[in-house]
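As structure tokens, the structure follows; a few thoughts come after it.
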Amino acid sequence: MTDTMMIDVAPASGGPGGGNGTFAAMGLLVRRRMWRDRWLVVSSALIVGLATVLALAGPELVRRTIDDGAADAVTAAGPAADIYVTVPVGNPGGDNVSSIRGLPVAGFASLGEMVVENLPPNTKSVVSGYDTWLLSGQVPIGWSATPAAIEANEEDGKELVKDPRVGDYFQFGFANEAEVTLVDGRLPDAPPSPSDVTTPGATVPPTEVAISQEVADALEIGIGYQTQVSTSVGESLILEVVGIVEPADPEADVWEHFPEFTAPLVADEGAGPGLRRGTIMMSEETYDGVSSALRTPFPGTVRIQIDPDAMTLDLAKGVASEVSTLSADAKALTGPEMDGVNIVVKTGLDEALSEYPARARAALAQMSVIIAGVVSVAAVVIALMAALVLTRRQNDIALERARGASVLSIGLRLLVEALLMTGVGLAAGIILTSVFAPQASLSSGLLWVVALAAALSSPVLGSLQARGMWTGRREAANRQDRAKVAKAKRARRLTLEALTIVIAAAAVVSLRGRSVLQNVTQGIDPFLAAAPVLIALAVVVIVIRLYPAPMAVIQFFAKRTRGVAGVISLAKARESIPGLPLLGITLAVGIAVSGGLLVSTVHAGQEQASWDRVGADVRIESQVTDEEAAALEGQGLVVSRGLTKPEATIAVGSDYTEAFLLAMDENYPTILTMSGVTDVSSLQKMYDAAAGIGAGDPIPSLASQEIIDVDVHDTTSVYVGRVYVPIDIDGLAEITPEGWTEGGPYLIMPAEPLLAYTFDEPVVSNIAFVSGPGAAEAVTGMTGIDQSTVITREAWMASMQDSALIGGVERAIFIAVVAVGLLAAVALLVTVLRGVRERGRALSMLRTQGMGTGYGWWLAFAELVPLTLAAVFGGAIAGVAIMWLLGDTLGLKLLSGGLSEPPLTANWPFLAIVGGGILVLLFFSVAVEVLAHRRNKLSEVLRWGESR
């Protein structure tokens, strides 16, 4: 007999079986298995490619939205966003003591180019062009003389008859682009040289000018008239009209700087008694001569135009910083030849950009949550695809383990497969992204999430599967010892679940404490992006813990149900819910629900904000006459008129303070009620008290707390119309115009007793509110109302909803919903395919017990419905939790434009669409299951089982 235990077996040297077992035949196995499962590998690569596109295009969409928002902010500011550089031009001989020194008129033409060249780099990069013009302030006309009077003076030596011109003014204008053509008379000659008129005994001839026919008609002068103009320093000059001219191109942009050349101001009331003013266009030589003769420079303006399309968020921050320093360092824009010349820089660009970074951070926070959530769903689906492949490899892995393969060798082979598939998927996604988003950055952190999920899911899950197949571990024979081991496992699982919930809670608390709006304004904040995933993961943990409770109810009824349906339902109700598919679908539903809540909440917030920011359906910031108010009220509208006075002086005893004065008539409480204010009792009490006062009595008023705190004297009055009107502050102003004013404190008064007071100068109403159906159309249709002072609620809402930030957020949410819908469909389909062989065997076995062929759909239905319902339930909770817990950190108030955070508002039609989409996906998955088993042959399934 041979003792086999004593035989020495030498290892094989060389040959195919030689080498390290871990790497033996790796290439062959990888190649064969990838070819066998090629359709699954290709599908996995496609999912990786889709995830890559989302990971790259998402941040690019964020960047474009933020940059478009910066351009939007500049566009909304209009001409105020341009940079205006004003310098005195003319009288270059001034000494800044007896007269102001200005830049020579001849040098003004090159000033624009010089200023643009000296701008700071960021500001210079967004300049689209510049234009320059000269326009004096109003110069009073002392007298005028007719041609007949001038002729009589020259021929007969009679004293020149001069007609006084009280309230008449000229403005002097010049621009190289402002070309005129002669209509009548002749063009002016150049003024005399200063050396010709400064010699002793020299006669100073009148300076010749040409005016437009509109100015001639308005000021009642014409060709041959002479006028005297003077300045505040006592210098005077005689002008003679020698021609009538008109713009060569009336549509040219340059004429917007000289509106009174063709439309002179004639105001008999309001702007001053008998005020008449017109602009005279001059040549460069005439302008220089006039300023030198009057020893007064006139303002020259360089307008630097800003291109909104060139503005980005990075540039916006740099430009705002640079522009804020220009006013203090205006000399840096000019050369040394400007020494001694006062330069003033004004622009609204810094103000237009000052509030934008906060709004940009709000939009960034909202899009970060959505886009990161979508990529997280894609990562889970990638893991599901890896699990599906491993389901097909289960027998292979079991055979490898039975032949002695280590967990490491199995993991390495799976890693090689995963790396190949990941490389193909990433390359396809990058190429596709470069087609429609060529500026997308490859440094996105989300891309690393996709790459790691694709590369590690299969080897990690496969290694765990291989490790679980090892049957060599020891198990205690004693029941109590086995119970202790099971208890320890439950404790470890409970610890991990509790840790997940604690981490999610810590992330939420930390985010709410730090406020995301204090952080980055570009790129996706990884900390904020992880929070929704952690919240969804915590919800999944809770759902898994609660899942047995409803399943116990189903088991109770299934036990009492006869037939195969009861057996199937009972069997499936006893199974545990799969965690990975639950996480994927829950996260997908949560992202869709949170996105819908975000959009509906912002829209509802904008609705309320429109009332706060406008005050009514229509706000008119100019006088509305009694006839106009009556016409509006005749259309069924409510009209409230009143008076506003920013920084009104309030005398409190011997002390003085300032407040925003708002005095409205008795219809104001009705306007507020129609605007959604529920309690106007404090205002109504003020109006009731005002109805009983007499002439000269203190007017009942309400005030902000700051004014009440200093109102400790017996007498309080407000300065209106050059008199102090006594008031009686009765209480706190609980309803203030904070939404449409620049800030408090506020003084609220009834308009009727205030406007009935006797003032030293006229005081008229300058504000009105109109509310009711069709208010905007009624007001815009009234020609007597200055439409430039009309602000409608619909227009305000349109400007908010059409903004680039709001549009970008809504676009991101739409893309996200479509993407998570597609990914959820893949997740359900993968879940079906993972169990298709097991259910095929179960169906075939049940058919041997007499079950009909039509119960295949019920088996799939019983498996998918609990998972789907649990995911929908968990996703809805996760979506609401994301918005409820993170709402304050997402800047909803900033994007809604309101005064406070808007409450969560559900869009029920959208949620119904999400629910309907889930049902469609469910029935689609069940249909796939039924189709998969249509050609199953009972004998083959029972003979081969799952080995084929």
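Chain identifiers are assigned as A, B, and so on, following the order in which chains appear in the structure tokens; residues are numbered from 1 within each chain, and ligands are numbered from 1 in order of appearance.
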So which residues touch Leu919 of chain A within 12 Å, counting only C-alpha atoms, skipping near sequence neighbours fewer than 5 positions away, as a count of residues only? 16
Tell me which protein, DNA and RNA residues are within 12 Å of Phe814 of chain A, counting only C-alpha atoms, leaving out same-chain ones fewer than 6 positions away, and put them as number ranges by chain. A: 367, 370-371, 374, 591-596, 598-599, 807-808, 820-821, 910
Could you pull out the strand (DSSP E) residues of segment 457-690 of chain A, going by DSSP on the backbone, and write them as a PyMOL selection string? chain A and resi 618-620+638-652+655-664
Store the residues of this selection in a file with N, CA, C and O atoms, as a compact mmCIF listing (two decimals), in the first residue's frame.
# COMPACT_ATOMS: atom_id res chain seq x y z
N VAL A 618 -50.08 98.25 -9.42
CA VAL A 618 -49.34 99.30 -10.12
C VAL A 618 -48.91 100.36 -9.11
O VAL A 618 -49.69 100.74 -8.23
N ARG A 619 -47.67 100.81 -9.23
CA ARG A 619 -47.18 101.95 -8.45
C ARG A 619 -46.78 103.05 -9.43
O ARG A 619 -46.03 102.79 -10.38
N ILE A 620 -47.27 104.26 -9.19
CA ILE A 620 -46.97 105.40 -10.06
C ILE A 620 -46.18 106.41 -9.24
O ILE A 620 -46.70 106.97 -8.27
N VAL A 638 -59.14 100.44 -7.45
CA VAL A 638 -58.91 101.17 -6.21
C VAL A 638 -57.65 102.01 -6.38
O VAL A 638 -56.60 101.50 -6.78
N VAL A 639 -57.74 103.30 -6.09
CA VAL A 639 -56.62 104.23 -6.26
C VAL A 639 -56.33 104.88 -4.92
O VAL A 639 -57.24 105.37 -4.24
N SER A 640 -55.07 104.87 -4.54
CA SER A 640 -54.63 105.58 -3.34
C SER A 640 -53.49 106.49 -3.71
O SER A 640 -52.49 106.05 -4.29
N ARG A 641 -53.64 107.79 -3.41
CA ARG A 641 -52.62 108.78 -3.74
C ARG A 641 -52.02 109.35 -2.46
O ARG A 641 -52.65 109.35 -1.40
N GLY A 642 -50.79 109.83 -2.60
CA GLY A 642 -50.15 110.37 -1.42
C GLY A 642 -48.84 111.06 -1.73
O GLY A 642 -48.56 111.43 -2.88
N LEU A 643 -48.04 111.21 -0.68
CA LEU A 643 -46.79 111.96 -0.76
C LEU A 643 -45.68 111.15 -0.13
O LEU A 643 -45.86 110.55 0.94
N THR A 644 -44.54 111.11 -0.80
CA THR A 644 -43.34 110.51 -0.22
C THR A 644 -42.24 111.56 -0.16
O THR A 644 -42.15 112.43 -1.04
N LYS A 645 -41.44 111.46 0.87
CA LYS A 645 -40.31 112.38 1.02
C LYS A 645 -39.18 111.64 1.72
O LYS A 645 -39.21 111.46 2.93
N PRO A 646 -38.19 111.18 0.96
CA PRO A 646 -37.04 110.52 1.60
C PRO A 646 -36.27 111.51 2.46
O PRO A 646 -36.18 112.70 2.15
N GLU A 647 -35.75 111.01 3.54
CA GLU A 647 -34.92 111.80 4.45
C GLU A 647 -35.64 113.07 4.90
O GLU A 647 -35.07 114.16 4.94
N ALA A 648 -36.91 112.91 5.22
CA ALA A 648 -37.66 114.05 5.76
C ALA A 648 -37.15 114.38 7.16
O ALA A 648 -36.91 113.48 7.98
N THR A 649 -37.01 115.66 7.43
CA THR A 649 -36.50 116.10 8.74
C THR A 649 -37.64 116.09 9.76
O THR A 649 -38.72 116.65 9.52
N ILE A 650 -37.38 115.46 10.90
CA ILE A 650 -38.36 115.40 11.99
C ILE A 650 -37.75 116.11 13.19
O ILE A 650 -36.64 115.78 13.63
N ALA A 651 -38.48 117.11 13.68
CA ALA A 651 -38.05 117.84 14.87
C ALA A 651 -38.71 117.21 16.09
O ALA A 651 -39.93 117.20 16.21
N VAL A 652 -37.87 116.67 16.96
CA VAL A 652 -38.35 116.05 18.21
C VAL A 652 -37.85 116.93 19.35
O VAL A 652 -36.72 116.80 19.80
N ASP A 655 -34.27 118.36 19.23
CA ASP A 655 -33.43 117.45 18.46
C ASP A 655 -34.04 117.22 17.08
O ASP A 655 -35.24 117.45 16.86
N TYR A 656 -33.21 116.72 16.19
CA TYR A 656 -33.66 116.47 14.82
C TYR A 656 -33.21 115.07 14.39
O TYR A 656 -32.13 114.59 14.78
N THR A 657 -34.05 114.45 13.61
CA THR A 657 -33.73 113.15 13.01
C THR A 657 -34.34 113.09 11.63
O THR A 657 -35.06 114.02 11.22
N GLU A 658 -34.05 112.05 10.90
CA GLU A 658 -34.56 111.91 9.54
C GLU A 658 -35.29 110.58 9.39
O GLU A 658 -34.94 109.59 10.05
N ALA A 659 -36.27 110.56 8.50
CA ALA A 659 -37.04 109.35 8.24
C ALA A 659 -37.64 109.45 6.85
O ALA A 659 -37.72 110.52 6.25
N PHE A 660 -38.07 108.30 6.35
CA PHE A 660 -38.79 108.26 5.07
C PHE A 660 -40.25 108.54 5.36
O PHE A 660 -40.92 107.78 6.07
N LEU A 661 -40.76 109.65 4.80
CA LEU A 661 -42.15 110.04 5.03
C LEU A 661 -43.04 109.44 3.96
O LEU A 661 -42.80 109.59 2.76
N LEU A 662 -44.08 108.74 4.41
CA LEU A 662 -45.10 108.21 3.52
C LEU A 662 -46.46 108.65 4.03
O LEU A 662 -46.87 108.24 5.12
N ALA A 663 -47.11 109.51 3.26
CA ALA A 663 -48.45 109.99 3.62
C ALA A 663 -49.41 109.56 2.51
O ALA A 663 -49.30 110.02 1.38
N MET A 664 -50.33 108.66 2.85
CA MET A 664 -51.28 108.14 1.87
C MET A 664 -52.70 108.45 2.30
O MET A 664 -52.99 108.64 3.49
Segment 436-448 of chain A surroundings by only C-alpha atoms, 6 Å radius, close-in-sequence under 4 positions cut, as a CSV table (one decimal) with N, CA and C atoms, in the first residue's frame:
chain,number,residue,atom,x,y,z
A,55,ALA,N,-21.5,64.8,-15.3
A,55,ALA,CA,-20.5,65.3,-14.4
A,55,ALA,C,-19.7,66.5,-15.0
A,60,GLU,N,-20.4,73.0,-16.1
A,60,GLU,CA,-20.4,73.9,-17.2
A,60,GLU,C,-21.7,74.7,-17.3
A,452,LEU,N,-14.4,56.8,-10.0
A,452,LEU,CA,-14.2,55.9,-8.9
A,452,LEU,C,-15.3,54.9,-8.7
Please, what distance in Å, to one decimal, runs between atom CA of Met311 of chain A and atom CA of Leu364 of chain A?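 Between these atoms lies a distance of 17.3 Å.
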For the helix (DSSP H, G or I) assignment from backbone DSSP, which residues of segment 178-273 of chain A qualify? Please present them as a PyMOL selection string. chain A and resi 194-197+213-219+253-257+259-262
How would the residues just chosen look if you wrote them out with all heavy atoms as a short mmCIF file (atom, residue, chain, number, x, y, z; two decimals), in the first residue's frame?
data_model
loop_
_atom_site.label_atom_id
_atom_site.label_comp_id
_atom_site.auth_asym_id
_atom_site.auth_seq_id
_atom_site.Cartn_x
_atom_site.Cartn_y
_atom_site.Cartn_z
N PRO A 194 -8.22 135.77 -29.38
CA PRO A 194 -8.11 136.59 -28.16
C PRO A 194 -7.11 137.73 -28.30
O PRO A 194 -7.31 138.81 -27.75
CB PRO A 194 -7.65 135.58 -27.10
CG PRO A 194 -8.15 134.26 -27.59
CD PRO A 194 -8.05 134.34 -29.09
N SER A 195 -6.04 137.53 -29.11
CA SER A 195 -5.06 138.60 -29.27
C SER A 195 -5.62 139.78 -30.04
O SER A 195 -5.16 140.92 -29.90
CB SER A 195 -3.81 138.06 -29.99
OG SER A 195 -4.19 137.55 -31.27
N ASP A 196 -6.68 139.55 -30.85
CA ASP A 196 -7.26 140.64 -31.65
C ASP A 196 -8.21 141.50 -30.83
O ASP A 196 -8.52 142.62 -31.24
CB ASP A 196 -8.02 140.06 -32.85
CG ASP A 196 -7.10 139.33 -33.81
OD1 ASP A 196 -5.88 139.63 -33.80
OD2 ASP A 196 -7.59 138.43 -34.54
N VAL A 197 -8.68 140.99 -29.72
CA VAL A 197 -9.69 141.75 -28.97
C VAL A 197 -9.17 142.21 -27.63
O VAL A 197 -9.89 142.87 -26.87
CB VAL A 197 -10.96 140.89 -28.77
CG1 VAL A 197 -11.58 140.54 -30.11
CG2 VAL A 197 -10.64 139.61 -27.99
N GLN A 213 -34.41 125.45 -35.59
CA GLN A 213 -35.68 126.16 -35.72
C GLN A 213 -36.52 125.97 -34.46
O GLN A 213 -37.25 126.87 -34.05
CB GLN A 213 -36.43 125.62 -36.93
CG GLN A 213 -37.70 126.40 -37.28
CD GLN A 213 -37.41 127.86 -37.61
OE1 GLN A 213 -36.62 128.14 -38.51
NE2 GLN A 213 -38.04 128.80 -36.90
N GLU A 214 -36.41 124.80 -33.82
CA GLU A 214 -37.18 124.56 -32.59
C GLU A 214 -36.74 125.49 -31.47
O GLU A 214 -37.58 126.04 -30.75
CB GLU A 214 -37.01 123.10 -32.15
CG GLU A 214 -37.63 122.06 -33.07
CD GLU A 214 -36.74 121.72 -34.26
OE1 GLU A 214 -35.66 122.34 -34.40
OE2 GLU A 214 -37.11 120.82 -35.04
N VAL A 215 -35.42 125.73 -31.33
CA VAL A 215 -34.94 126.65 -30.31
C VAL A 215 -35.36 128.07 -30.64
O VAL A 215 -35.76 128.86 -29.76
CB VAL A 215 -33.40 126.54 -30.17
CG1 VAL A 215 -32.87 127.64 -29.27
CG2 VAL A 215 -33.02 125.17 -29.64
N ALA A 216 -35.29 128.42 -31.92
CA ALA A 216 -35.70 129.76 -32.34
C ALA A 216 -37.17 130.01 -32.00
O ALA A 216 -37.54 131.09 -31.51
CB ALA A 216 -35.46 129.93 -33.83
N ASP A 217 -38.03 129.03 -32.25
CA ASP A 217 -39.45 129.20 -31.96
C ASP A 217 -39.70 129.26 -30.47
O ASP A 217 -40.54 130.06 -30.00
CB ASP A 217 -40.24 128.05 -32.58
CG ASP A 217 -40.18 128.06 -34.10
OD1 ASP A 217 -39.87 129.12 -34.68
OD2 ASP A 217 -40.43 126.98 -34.70
N ALA A 218 -39.00 128.40 -29.70
CA ALA A 218 -39.26 128.34 -28.26
C ALA A 218 -38.81 129.62 -27.57
O ALA A 218 -39.50 130.13 -26.66
CB ALA A 218 -38.54 127.14 -27.65
N LEU A 219 -37.65 130.18 -27.98
CA LEU A 219 -37.11 131.37 -27.32
C LEU A 219 -37.49 132.66 -28.05
O LEU A 219 -37.10 133.76 -27.62
CB LEU A 219 -35.59 131.26 -27.22
CG LEU A 219 -35.06 130.11 -26.35
CD1 LEU A 219 -33.54 130.09 -26.35
CD2 LEU A 219 -35.57 130.23 -24.92
N ASP A 253 -26.94 108.35 -32.82
CA ASP A 253 -26.95 108.17 -31.36
C ASP A 253 -26.45 109.41 -30.63
O ASP A 253 -26.82 109.63 -29.47
CB ASP A 253 -26.06 106.98 -30.99
CG ASP A 253 -26.64 105.66 -31.49
OD1 ASP A 253 -27.85 105.60 -31.73
OD2 ASP A 253 -25.86 104.68 -31.62
N VAL A 254 -25.64 110.22 -31.28
CA VAL A 254 -25.05 111.35 -30.58
C VAL A 254 -26.10 112.35 -30.11
O VAL A 254 -25.91 113.05 -29.11
CB VAL A 254 -24.01 112.05 -31.50
CG1 VAL A 254 -24.71 112.73 -32.67
CG2 VAL A 254 -23.16 113.05 -30.70
N TRP A 255 -27.24 112.40 -30.78
CA TRP A 255 -28.24 113.40 -30.44
C TRP A 255 -28.97 113.09 -29.14
O TRP A 255 -29.69 113.94 -28.62
CB TRP A 255 -29.24 113.57 -31.58
CG TRP A 255 -28.60 114.14 -32.80
CD1 TRP A 255 -28.38 113.53 -33.99
CD2 TRP A 255 -28.05 115.46 -32.93
NE1 TRP A 255 -27.73 114.37 -34.87
CE2 TRP A 255 -27.52 115.57 -34.23
CE3 TRP A 255 -27.95 116.57 -32.08
CZ2 TRP A 255 -26.90 116.72 -34.71
CZ3 TRP A 255 -27.34 117.72 -32.56
CH2 TRP A 255 -26.83 117.79 -33.85
N GLU A 256 -28.78 111.88 -28.60
CA GLU A 256 -29.38 111.60 -27.30
C GLU A 256 -28.72 112.42 -26.19
O GLU A 256 -29.30 112.59 -25.12
CB GLU A 256 -29.26 110.11 -26.97
CG GLU A 256 -27.85 109.65 -26.69
CD GLU A 256 -27.74 108.17 -26.39
OE1 GLU A 256 -28.71 107.43 -26.68
OE2 GLU A 256 -26.69 107.75 -25.86
N HIS A 257 -27.53 112.95 -26.46
CA HIS A 257 -26.86 113.79 -25.48
C HIS A 257 -27.33 115.24 -25.54
O HIS A 257 -27.03 116.02 -24.62
CB HIS A 257 -25.34 113.75 -25.70
CG HIS A 257 -24.76 112.38 -25.74
ND1 HIS A 257 -25.03 111.43 -24.78
CD2 HIS A 257 -23.93 111.78 -26.64
CE1 HIS A 257 -24.39 110.31 -25.08
NE2 HIS A 257 -23.71 110.50 -26.21
N PRO A 259 -30.77 116.59 -26.16
CA PRO A 259 -32.21 116.51 -26.46
C PRO A 259 -32.84 117.88 -26.68
O PRO A 259 -33.82 117.99 -27.43
CB PRO A 259 -32.78 115.82 -25.21
CG PRO A 259 -31.78 116.11 -24.12
CD PRO A 259 -30.45 116.13 -24.79
N GLU A 260 -32.29 118.92 -26.04
CA GLU A 260 -32.94 120.23 -26.13
C GLU A 260 -32.48 121.02 -27.35
O GLU A 260 -32.83 122.19 -27.50
CB GLU A 260 -32.70 121.02 -24.85
CG GLU A 260 -33.37 120.36 -23.64
CD GLU A 260 -33.14 121.12 -22.35
OE1 GLU A 260 -32.67 122.27 -22.41
OE2 GLU A 260 -33.41 120.55 -21.28
N PHE A 261 -31.70 120.38 -28.24
CA PHE A 261 -31.37 121.03 -29.51
C PHE A 261 -32.60 121.00 -30.43
O PHE A 261 -32.88 121.97 -31.14
CB PHE A 261 -30.19 120.32 -30.16
CG PHE A 261 -29.83 120.87 -31.52
CD1 PHE A 261 -29.37 122.18 -31.65
CD2 PHE A 261 -29.95 120.08 -32.66
CE1 PHE A 261 -29.04 122.69 -32.90
CE2 PHE A 261 -29.63 120.59 -33.91
CZ PHE A 261 -29.17 121.89 -34.03
N THR A 262 -33.32 119.91 -30.42
CA THR A 262 -34.52 119.80 -31.24
C THR A 262 -35.80 119.79 -30.41
O THR A 262 -36.89 119.89 -30.99
CB THR A 262 -34.47 118.50 -32.07
OG1 THR A 262 -34.28 117.39 -31.19
CG2 THR A 262 -33.32 118.55 -33.07
#
Which residues come within 12 Å of Ala248 of chain A, counting only C-alpha atoms, excluding same-chain residues fewer than 2 positions away, as a list of chain:residue names?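 The contact residues come out as A:Glu177, A:Ala178, A:Glu179, A:Val180, A:Thr181, A:Leu182, A:Val183, A:Ser212, A:Val245, A:Glu246, A:Pro250, A:Glu251, A:Ala252, A:Val254, A:Trp255.
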Please produce an output containing N, CA, C and O atoms for each residue in the selection, written as a CSV table (one decimal), in the first residue's frame.
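Resulting contents of out.csv:
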chain,number,residue,atom,x,y,z
A,177,GLU,N,-19.2,114.0,-33.7
A,177,GLU,CA,-20.2,113.3,-34.5
A,177,GLU,C,-21.5,114.1,-34.7
A,177,GLU,O,-22.3,113.6,-35.5
A,178,ALA,N,-21.7,115.2,-34.0
A,178,ALA,CA,-22.9,115.9,-34.1
A,178,ALA,C,-22.9,116.9,-35.3
A,178,ALA,O,-22.6,118.1,-35.2
A,179,GLU,N,-23.1,116.3,-36.5
A,179,GLU,CA,-23.1,117.1,-37.7
A,179,GLU,C,-24.4,117.7,-38.0
A,179,GLU,O,-25.5,117.1,-37.8
A,180,VAL,N,-24.4,119.0,-38.5
A,180,VAL,CA,-25.6,119.7,-38.8
A,180,VAL,C,-25.5,120.2,-40.3
A,180,VAL,O,-24.5,120.3,-40.9
A,181,THR,N,-26.7,120.5,-40.8
A,181,THR,CA,-26.8,121.0,-42.1
A,181,THR,C,-27.5,122.3,-42.1
A,181,THR,O,-28.4,122.6,-41.2
A,182,LEU,N,-27.2,123.2,-43.0
A,182,LEU,CA,-27.7,124.6,-43.0
A,182,LEU,C,-29.2,124.6,-43.6
A,182,LEU,O,-29.4,124.0,-44.6
A,183,VAL,N,-30.1,125.2,-42.9
A,183,VAL,CA,-31.4,125.4,-43.3
A,183,VAL,C,-31.7,126.8,-43.9
A,183,VAL,O,-32.3,127.0,-44.9
A,212,SER,N,-31.2,125.8,-33.9
A,212,SER,CA,-32.2,125.0,-34.6
A,212,SER,C,-33.5,125.8,-34.7
A,212,SER,O,-33.8,126.8,-33.9
A,245,VAL,N,-30.0,125.7,-38.4
A,245,VAL,CA,-29.5,124.4,-38.8
A,245,VAL,C,-30.3,123.3,-38.2
A,245,VAL,O,-31.2,123.5,-37.4
A,246,GLU,N,-30.1,122.1,-38.7
A,246,GLU,CA,-30.8,120.9,-38.2
A,246,GLU,C,-29.8,119.8,-38.3
A,246,GLU,O,-28.8,119.8,-39.0
A,250,PRO,N,-30.8,112.8,-38.0
A,250,PRO,CA,-31.6,112.9,-36.7
A,250,PRO,C,-31.6,111.6,-35.9
A,250,PRO,O,-31.8,111.6,-34.7
A,251,GLU,N,-31.3,110.5,-36.6
A,251,GLU,CA,-31.4,109.2,-35.9
A,251,GLU,C,-30.0,108.8,-35.3
A,251,GLU,O,-29.9,107.7,-34.6
A,252,ALA,N,-29.0,109.6,-35.5
A,252,ALA,CA,-27.7,109.3,-34.9
A,252,ALA,C,-27.7,109.3,-33.4
A,252,ALA,O,-28.4,110.0,-32.8
A,254,VAL,N,-25.6,110.2,-31.3
A,254,VAL,CA,-25.0,111.4,-30.6
A,254,VAL,C,-26.1,112.3,-30.1
A,254,VAL,O,-25.9,113.1,-29.1
A,255,TRP,N,-27.2,112.4,-30.8
A,255,TRP,CA,-28.2,113.4,-30.4
A,255,TRP,C,-29.0,113.1,-29.1
A,255,TRP,O,-29.7,113.9,-28.6
Interatomic distance (Å, one decimal) between atom CA of Ala81 of chain A and atom CA of Arg303 of chain A: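 Between these atoms lies a distance of 10.3 Å.
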In Å, how far is it from atom CA of Ile238 of chain A to atom CA of Pro206 of chain A?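 Going from atom CA of Ile238 of chain A over to atom CA of Pro206 of chain A, I get 5.0 Å.
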May I have the residues within 12 Å of segment 113-117 of chain A as a ChimeraX atom specification, using only C-alpha atoms and disregarding those fewer than 5 positions away in the same chain? /A:83-87,107-108,122-132,301-306,326,330-338,343,345
So which one's closest to Gln635 of chain A, A:Gly590, A:Gly694, A:Gly887, A:Gly774? Using only C-alpha atoms, please.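 When distances to Gln635 of chain A are compared using only C-alpha atoms, the smallest one comes from A:Gly774.
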When you look at segment 718-730 of chain A with a cut-off of 9 Å (counting only C-alpha atoms), what residues show up, excluding the ones that are within fewer than 4 positions of it in the same chain? I need them as a list in words. Lys645, Ala648, Thr649, Ile650, Ala651, Val652, Leu661, Met686, Gly696, Asp697, Pro698, Ile699, Pro700, Ser701, Leu702, Ala703, Ile708, Asp711, Leu747, Met749, Leu754, Tyr757, Thr758, Phe759, Asp760, Glu761, Pro762 and Val763 of chain A
Export, as a compact mmCIF listing (two decimals), in the first residue's frame, the selected residues with C-alpha atoms.
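Generated file (again.txt):
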# COMPACT_ATOMS: atom_id res chain seq x y z
CA LYS A 645 -40.31 112.38 1.02
CA ALA A 648 -37.66 114.05 5.76
CA THR A 649 -36.50 116.10 8.74
CA ILE A 650 -38.36 115.40 11.99
CA ALA A 651 -38.05 117.84 14.87
CA VAL A 652 -38.35 116.05 18.21
CA LEU A 661 -42.15 110.04 5.03
CA MET A 686 -54.63 106.11 12.55
CA GLY A 696 -53.73 122.99 12.82
CA ASP A 697 -53.99 120.05 15.25
CA PRO A 698 -51.14 117.54 15.37
CA ILE A 699 -51.66 114.84 12.75
CA PRO A 700 -51.85 111.27 14.10
CA SER A 701 -48.91 109.27 12.78
CA LEU A 702 -47.09 105.96 13.10
CA ALA A 703 -43.33 105.65 13.19
CA ILE A 708 -40.39 106.36 18.95
CA ASP A 711 -39.94 110.90 20.85
CA LEU A 747 -42.98 107.93 9.34
CA MET A 749 -49.19 109.68 8.03
CA LEU A 754 -51.17 116.82 5.62
CA TYR A 757 -51.95 122.19 5.64
CA THR A 758 -50.79 125.69 4.63
CA PHE A 759 -47.28 125.48 3.20
CA ASP A 760 -44.79 128.12 2.13
CA GLU A 761 -44.25 126.36 -1.20
CA PRO A 762 -46.56 124.14 -3.25
CA VAL A 763 -46.79 120.51 -2.12
For Gly744 of chain A, which residue among A:Ile707, A:Ala451, A:Ala507, A:Leu672 is the nearest when counting only C-alpha atoms? A:Ile707
